[in-house]
file structure23.tsv (TSV, C-alpha atoms)
chain	number	residue	atom	x	y	z
A	11	MET	CA	-16.89	-76.63	55.40
A	12	GLN	CA	-18.33	-74.25	57.87
A	13	SER	CA	-16.32	-73.58	61.06
A	14	PRO	CA	-17.95	-75.03	64.22
A	15	LEU	CA	-17.40	-71.66	65.82
A	16	PHE	CA	-20.20	-70.27	63.71
A	17	SER	CA	-22.67	-72.50	65.55
A	18	LEU	CA	-21.84	-70.86	68.91
A	19	PRO	CA	-24.38	-68.34	70.17
A	20	ALA	CA	-23.41	-64.70	69.97
A	21	LEU	CA	-22.01	-63.11	73.11
A	22	PRO	CA	-24.69	-61.13	74.92
A	23	ASP	CA	-24.36	-57.37	75.01
A	24	ILE	CA	-23.51	-56.25	78.52
A	25	ASP	CA	-26.00	-53.73	79.76
A	26	LEU	CA	-23.77	-51.23	81.57
A	27	SER	CA	-26.79	-49.53	83.10
A	28	LEU	CA	-26.91	-52.45	85.58
A	29	PHE	CA	-23.52	-51.41	86.99
A	30	ILE	CA	-23.42	-47.70	86.28
A	31	ASN	CA	-26.44	-46.09	87.87
A	32	LYS	CA	-27.24	-43.75	90.75
A	33	PRO	CA	-27.94	-46.39	93.47
A	34	VAL	CA	-24.63	-48.13	92.68
A	35	PHE	CA	-22.80	-44.78	92.88
A	36	VAL	CA	-24.46	-44.00	96.21
A	37	ALA	CA	-23.45	-47.45	97.55
A	38	ILE	CA	-19.84	-46.87	96.41
A	39	LEU	CA	-19.82	-43.42	98.02
A	40	VAL	CA	-21.21	-44.72	101.34
A	41	PHE	CA	-18.67	-47.59	101.41
A	42	PHE	CA	-15.87	-45.16	100.59
A	43	PHE	CA	-17.08	-42.73	103.27
A	44	VAL	CA	-16.97	-45.46	105.94
A	45	ILE	CA	-13.39	-46.44	105.02
A	46	TYR	CA	-12.35	-42.77	104.84
A	47	THR	CA	-13.87	-42.05	108.25
A	48	ILE	CA	-11.90	-44.93	109.80
A	49	ILE	CA	-8.62	-43.66	108.29
A	50	SER	CA	-9.43	-40.08	109.35
A	51	SER	CA	-10.17	-41.23	112.91
A	52	VAL	CA	-6.78	-42.97	113.10
A	53	LEU	CA	-5.06	-39.82	111.86
A	54	MET	CA	-6.97	-37.56	114.24
A	55	TYR	CA	-6.18	-39.87	117.16
A	56	HIS	CA	-2.47	-39.49	116.35
A	57	TRP	CA	-2.76	-35.72	115.96
A	58	SER	CA	-4.61	-35.26	119.24
A	59	SER	CA	-2.50	-37.76	121.22
A	60	TYR	CA	0.98	-36.95	119.95
A	61	GLY	CA	0.62	-33.66	118.06
A	62	MET	CA	0.76	-31.66	121.32
A	63	ARG	CA	-1.64	-29.08	119.90
A	64	SER	CA	1.14	-27.58	117.80
A	65	ALA	CA	0.29	-25.00	115.14
A	66	GLY	CA	1.44	-27.39	112.39
A	67	VAL	CA	-1.02	-30.09	113.49
A	68	VAL	CA	-3.92	-27.65	113.84
A	69	ILE	CA	-3.30	-26.20	110.37
A	70	GLY	CA	-2.80	-29.67	108.86
A	71	GLU	CA	-5.99	-31.00	110.47
A	72	THR	CA	-8.02	-28.02	109.26
A	73	ILE	CA	-6.76	-28.35	105.67
A	74	PHE	CA	-7.36	-32.12	105.73
A	75	VAL	CA	-10.97	-31.77	106.91
A	76	LEU	CA	-11.87	-28.86	104.60
A	77	VAL	CA	-10.46	-30.46	101.43
A	78	SER	CA	-12.00	-33.84	102.32
A	79	LEU	CA	-15.43	-32.23	102.79
A	80	ALA	CA	-15.06	-30.35	99.48
A	81	LEU	CA	-14.17	-33.55	97.59
A	82	PHE	CA	-17.04	-35.50	99.17
A	83	THR	CA	-19.39	-32.66	98.19
A	84	VAL	CA	-18.12	-32.81	94.59
A	85	ALA	CA	-18.66	-36.61	94.57
A	86	GLY	CA	-22.20	-36.14	95.91
A	87	LEU	CA	-23.00	-33.44	93.35
A	88	ALA	CA	-21.60	-35.62	90.56
A	89	ILE	CA	-24.12	-38.34	91.53
A	90	ASN	CA	-26.87	-35.73	91.47
A	91	TYR	CA	-25.91	-34.61	87.96
A	92	PHE	CA	-25.42	-38.17	86.65
B	21	MET	CA	2.00	-25.96	122.34
B	22	SER	CA	1.59	-28.45	125.19
B	23	TYR	CA	4.34	-30.92	126.11
B	24	GLU	CA	2.33	-32.87	128.72
B	25	VAL	CA	2.64	-36.09	126.78
B	26	LEU	CA	6.46	-35.94	127.13
B	27	HIS	CA	6.19	-36.18	130.96
B	28	LEU	CA	8.86	-33.55	131.57
B	29	ASN	CA	10.17	-32.86	135.07
B	30	HIS	CA	8.87	-29.69	136.75
B	31	ASP	CA	12.16	-27.87	136.09
B	32	GLU	CA	12.58	-29.16	132.54
B	33	HIS	CA	11.70	-27.32	129.31
B	34	VAL	CA	11.94	-28.09	125.63
B	35	ILE	CA	14.67	-25.89	124.18
B	36	MET	CA	14.77	-27.30	120.67
B	37	VAL	CA	12.49	-29.32	118.40
B	38	VAL	CA	14.28	-31.29	115.68
B	39	ARG	CA	12.35	-32.35	112.62
B	40	LYS	CA	13.31	-33.56	109.17
B	41	HIS	CA	13.72	-30.92	106.48
B	42	TRP	CA	10.58	-30.23	104.42
B	43	ILE	CA	12.48	-31.18	101.24
B	44	VAL	CA	12.22	-34.84	102.32
B	45	PHE	CA	8.47	-34.55	102.00
B	46	VAL	CA	8.51	-32.68	98.68
B	47	GLY	CA	9.54	-35.79	96.72
B	48	TYR	CA	6.59	-37.75	98.08
B	49	GLY	CA	4.24	-34.83	97.46
B	50	ALA	CA	5.42	-34.49	93.85
B	51	ALA	CA	4.94	-38.24	93.27
B	52	LEU	CA	1.39	-38.00	94.63
B	53	LEU	CA	0.70	-35.00	92.39
B	54	VAL	CA	1.63	-37.09	89.34
B	55	VAL	CA	-0.61	-39.92	90.63
B	56	ALA	CA	-3.44	-37.39	91.11
B	57	LEU	CA	-3.14	-36.28	87.48
B	58	LEU	CA	-2.79	-39.84	86.17
B	59	PRO	CA	-6.49	-40.35	85.21
B	60	ILE	CA	-6.45	-37.12	83.18
B	61	ILE	CA	-3.17	-38.08	81.47
B	62	LEU	CA	-4.53	-41.59	80.80
B	63	PHE	CA	-7.73	-40.14	79.36
B	64	ALA	CA	-5.75	-37.88	76.99
B	65	VAL	CA	-3.54	-40.78	75.87
B	66	ILE	CA	-6.56	-43.07	75.24
B	67	ARG	CA	-8.32	-40.30	73.34
B	68	VAL	CA	-5.35	-39.97	70.99
B	69	PHE	CA	-4.30	-43.61	70.55
B	70	ILE	CA	-7.37	-45.83	71.29
B	71	PRO	CA	-10.42	-43.58	70.84
B	72	SER	CA	-12.68	-46.65	70.25
B	73	ILE	CA	-12.62	-47.38	74.03
B	74	LEU	CA	-14.30	-44.04	74.66
B	75	ALA	CA	-17.13	-45.02	72.30
B	76	ILE	CA	-18.52	-47.43	74.93
B	77	ASP	CA	-21.94	-46.11	75.76
B	78	PHE	CA	-23.85	-46.13	79.03
B	79	PRO	CA	-26.85	-44.14	80.20
B	80	GLY	CA	-26.29	-41.00	82.20
B	81	ASN	CA	-23.96	-38.03	82.16
B	82	HIS	CA	-20.46	-39.27	81.30
B	83	SER	CA	-18.71	-36.18	82.69
B	84	ALA	CA	-20.53	-36.58	86.00
B	85	ALA	CA	-19.48	-40.25	86.17
B	86	PHE	CA	-15.86	-39.29	85.51
B	87	LEU	CA	-16.05	-36.52	88.12
B	88	PHE	CA	-17.50	-38.95	90.69
B	89	PHE	CA	-14.69	-41.50	90.29
B	90	TYR	CA	-12.04	-38.81	90.02
B	91	SER	CA	-13.22	-37.28	93.34
B	92	LEU	CA	-12.85	-40.67	95.04
B	93	TRP	CA	-9.40	-41.05	93.45
B	94	LEU	CA	-8.35	-37.64	94.81
B	95	LEU	CA	-9.76	-38.47	98.26
B	96	SER	CA	-7.64	-41.66	98.36
B	97	ILE	CA	-4.53	-39.68	97.45
B	98	TRP	CA	-5.41	-36.96	99.96
B	99	ALA	CA	-5.69	-39.51	102.80
B	100	SER	CA	-2.44	-41.18	101.70
B	101	PHE	CA	-0.70	-37.79	101.70
B	102	PHE	CA	-1.79	-37.10	105.29
B	103	VAL	CA	-0.82	-40.59	106.49
B	104	ASP	CA	2.70	-39.85	105.24
B	105	TRP	CA	2.65	-36.30	106.58
B	106	THR	CA	1.70	-37.64	110.02
B	107	LYS	CA	4.69	-40.00	109.97
B	108	PHE	CA	6.89	-37.10	108.87
B	109	TYR	CA	5.57	-34.64	111.45
B	110	LEU	CA	5.55	-36.99	114.45
B	111	ASP	CA	9.08	-38.28	113.79
B	112	VAL	CA	10.84	-35.77	116.01
B	113	TRP	CA	13.48	-35.13	118.66
B	114	TYR	CA	12.76	-32.86	121.62
B	115	ILE	CA	15.87	-31.48	123.27
B	116	THR	CA	15.44	-30.32	126.85
B	117	GLU	CA	17.98	-29.03	129.40
B	118	LYS	CA	18.56	-32.60	130.56
B	119	ARG	CA	18.01	-35.05	127.74
B	120	ILE	CA	16.97	-35.84	124.20
B	121	ILE	CA	13.52	-37.38	123.79
B	122	ALA	CA	13.70	-39.21	120.47
B	123	ILE	CA	10.37	-40.19	118.93
B	124	ASP	CA	10.73	-42.57	116.03
B	125	GLN	CA	7.45	-42.74	114.10
B	126	ARG	CA	8.32	-45.51	111.61
B	127	ARG	CA	4.79	-46.34	110.49
B	128	ILE	CA	1.40	-45.11	111.58
B	129	PHE	CA	1.15	-47.88	114.23
B	130	ASP	CA	4.87	-48.23	114.89
B	131	ARG	CA	6.18	-45.63	117.31
B	132	GLU	CA	9.17	-45.73	119.64
B	133	VAL	CA	10.02	-43.15	122.31
B	134	SER	CA	13.55	-43.16	123.74
B	135	ASN	CA	15.29	-40.93	126.27
B	136	LEU	CA	18.96	-40.06	126.17
B	137	HIS	CA	20.43	-38.11	129.07
B	138	PHE	CA	23.27	-35.77	128.19
B	139	ASP	CA	25.71	-37.39	130.60
B	140	LYS	CA	25.46	-40.59	128.51
B	141	ILE	CA	26.43	-38.94	125.25
B	142	GLN	CA	29.87	-39.89	124.00
B	143	ASP	CA	29.99	-38.30	120.56
B	144	ILE	CA	27.84	-36.70	117.88
B	145	THR	CA	28.49	-37.31	114.19
B	146	LEU	CA	27.06	-35.06	111.49
B	147	ASP	CA	26.77	-36.06	107.87
B	148	VAL	CA	25.89	-33.43	105.28
B	149	HIS	CA	26.37	-35.24	102.03
B	150	GLY	CA	25.70	-33.88	98.53
B	151	PHE	CA	24.95	-30.62	96.75
B	152	ILE	CA	21.30	-30.13	97.76
B	153	PRO	CA	21.80	-30.98	101.48
B	154	THR	CA	24.74	-28.54	101.59
B	155	LEU	CA	22.74	-25.84	99.79
B	156	LEU	CA	19.63	-26.22	101.95
B	157	GLY	CA	21.53	-26.94	105.16
B	158	PHE	CA	20.25	-30.34	106.20
B	159	GLY	CA	21.93	-33.61	107.09
B	160	ASN	CA	22.02	-36.66	109.32
B	161	VAL	CA	22.78	-36.64	113.03
B	162	GLN	CA	24.08	-39.66	114.90
B	163	VAL	CA	24.51	-39.64	118.66
B	164	GLN	CA	26.67	-42.33	120.24
B	165	THR	CA	26.02	-43.20	123.84
B	166	ALA	CA	28.39	-44.36	126.54
B	167	SER	CA	25.83	-46.69	128.07
B	168	GLU	CA	26.39	-50.43	128.46
B	169	ASP	CA	24.53	-51.31	125.27
B	170	SER	CA	26.30	-48.47	123.33
B	171	ARG	CA	23.08	-47.52	121.65
B	172	GLU	CA	23.07	-45.07	118.78
B	173	PHE	CA	20.44	-42.43	118.16
B	174	TYR	CA	20.01	-41.46	114.57
B	175	ILE	CA	17.83	-38.97	112.70
B	176	SER	CA	18.17	-38.28	109.01
B	177	ALA	CA	17.77	-35.15	106.90
B	178	VAL	CA	17.30	-32.68	109.75
B	179	ARG	CA	17.60	-28.92	109.44
B	180	HIS	CA	20.74	-27.21	110.78
B	181	PRO	CA	22.62	-30.27	112.14
B	182	ASP	CA	25.46	-27.99	113.34
B	183	GLU	CA	23.04	-26.08	115.52
B	184	ILE	CA	21.71	-29.34	116.99
B	185	ARG	CA	25.21	-30.47	117.93
B	186	ARG	CA	25.99	-27.05	119.40
B	187	VAL	CA	22.88	-27.09	121.59
B	188	ILE	CA	23.50	-30.66	122.79
B	189	PHE	CA	27.17	-30.01	123.65
B	190	SER	CA	26.28	-26.73	125.30
B	191	GLN	CA	23.72	-28.45	127.57
B	192	GLN	CA	26.16	-31.29	128.25
B	193	ASN	CA	28.82	-28.77	129.35
B	194	LYS	CA	26.34	-26.96	131.59
B	195	ILE	CA	25.45	-30.23	133.33
B	196	ALA	CA	29.15	-31.09	133.72
B	197	ASP	CA	29.86	-27.62	135.19
B	198	ASN	CA	26.98	-27.94	137.65
B	199	ASN	CA	28.22	-31.34	138.80
B	200	ASN	CA	31.74	-30.01	139.50

call {"tool": "encode", "arguments": {"input": "structure23.tsv", "output": "structure tokens"}}
result
Amino acid sequence: MQSPLFSLPALPDIDLSLFINKPVFVAILVFFFVIYTIISSVLMYHWSSYGMRSAGVVIGETIFVLVSLALFTVAGLAINYF
Amino acid sequence: MSYEVLHLNHDEHVIMVVRKHWIVFVGYGAALLVVALLPIILFAVIRVFIPSILAIDFPGNHSAAFLFFYSLWLLSIWASFFVDWTKFYLDVWYITEKRIIAIDQRRIFDREVSNLHFDKIQDITLDVHGFIPTLLGFGNVQVQTASEDSREFYISAVRHPDEIRRVIFSQQNKIADNNN
């Protein structure tokens, strides 16, 4: 006797191109950028309000901004090369 | 450096800034470094043990897709690192000629500023416990007050706790001498 399971339709193949494509990557990057900007603003508020313009805060802020920009650039270039 | 935010008196100056030892932050930094490398480690493990997962195909450049998500991963870790660094850096004691201004930055939106005048200090307890704290010269400082509520001021893992106690007692003695 044939198993009733054999009468079930085959599972459809998931087309990953619907989820992994340039517009989706751009949307993810924009969403991420908005969240990152909010967190950065909170940090910068603390540094400017309570950091008392100390050398440590200035150096820390500079490193934070430069590395963040570099990583966002890499993410943007990755979309371009995708 | 500008101390305007501390609202010091016109004849008051910061003579010592007390922060936690950098070693406290190294553990967190090392943990984040491992987390940063986790996708690469995971990729290597999958490649060896379950290579069939990597056979999933999708259009586009796979390396670029990996690089895109890995950049976002690193950005998340980078922001997390600086949130913790901010808590570390802003958790500080300022010692002036008259008082201790203790800033307790517990979380990013949880900050307490307390003042302790030297004439209220009853005792200072130092605690340098263990091999690494002894080697690197850091420990905990606890200041007991003689005020009605007998409040205690505490900061952990600070550099040169002996020096902190010396400065506080020295200022306390100066104030006592001036009053006599």

call {"tool": "atom_distance", "arguments": {"input": "structure23.tsv", "atom1": "atom CA of Asp104 of chain B", "atom2": "atom CA of Tyr46 of chain A"}}
result
15.3 Å

call {"tool": "closest_atom_pairs", "arguments": {"input": "structure23.tsv", "of": "chain A", "to": "chain B", "cutoff": "6 Å", "atoms": "all atoms listed in the file", "output": "JSON lines"}}
result
{"residue": "A:Leu26", "atom": "CA", "partner": "B:Phe78", "partner_atom": "CA", "distance": 5.7}
{"residue": "A:Met62", "atom": "CA", "partner": "B:Ser22", "partner_atom": "CA", "distance": 5.1}
{"residue": "A:Arg63", "atom": "CA", "partner": "B:Met21", "partner_atom": "CA", "distance": 5.4}
{"residue": "A:Ser64", "atom": "CA", "partner": "B:Met21", "partner_atom": "CA", "distance": 4.9}
{"residue": "A:Leu81", "atom": "CA", "partner": "B:Ser91", "partner_atom": "CA", "distance": 5.7}
{"residue": "A:Ala85", "atom": "CA", "partner": "B:Phe88", "partner_atom": "CA", "distance": 4.7}
{"residue": "A:Ala88", "atom": "CA", "partner": "B:Ala84", "partner_atom": "CA", "distance": 4.8}
{"residue": "A:Phe92", "atom": "CA", "partner": "B:Asn81", "partner_atom": "CA", "distance": 4.7}

call {"tool": "closest_residue", "arguments": {"input": "structure23.tsv", "among": "A:Thr83, A:Asn90, A:Ser59, A:Ser50", "to": "Lys32 of chain A", "atoms": "all atoms listed in the file"}}
result
A:Asn90

call {"tool": "residues_around", "arguments": {"input": "structure23.tsv", "residues": "segment 141-153 of chain B", "least_positions_apart": "5", "cutoff": "6 Å", "atoms": "only C-alpha atoms", "output": "VMD selection string"}}
result
chain B and resid 158 to 166

call {"tool": "write_last_selection", "arguments": {"input": "structure23.tsv", "atoms": "C-alpha atoms", "output": "short mmCIF file (atom, residue, chain, number, x, y, z; two decimals), in the frame of the given file"}}
result
data_model
loop_
_atom_site.label_atom_id
_atom_site.label_comp_id
_atom_site.auth_asym_id
_atom_site.auth_seq_id
_atom_site.Cartn_x
_atom_site.Cartn_y
_atom_site.Cartn_z
CA PHE B 158 20.25 -30.34 106.20
CA GLY B 159 21.93 -33.61 107.09
CA ASN B 160 22.02 -36.66 109.32
CA VAL B 161 22.78 -36.64 113.03
CA GLN B 162 24.08 -39.66 114.90
CA VAL B 163 24.51 -39.64 118.66
CA GLN B 164 26.67 -42.33 120.24
CA THR B 165 26.02 -43.20 123.84
CA ALA B 166 28.39 -44.36 126.54
#

call {"tool": "atom_distance", "arguments": {"input": "structure23.tsv", "atom1": "atom CA of Ile195 of chain B", "atom2": "atom CA of Glu117 of chain B"}}
result
8.5 Å

call {"tool": "atom_distance", "arguments": {"input": "structure23.tsv", "atom1": "atom CA of Ser176 of chain B", "atom2": "atom CA of Lys40 of chain B"}}
result
6.8 Å
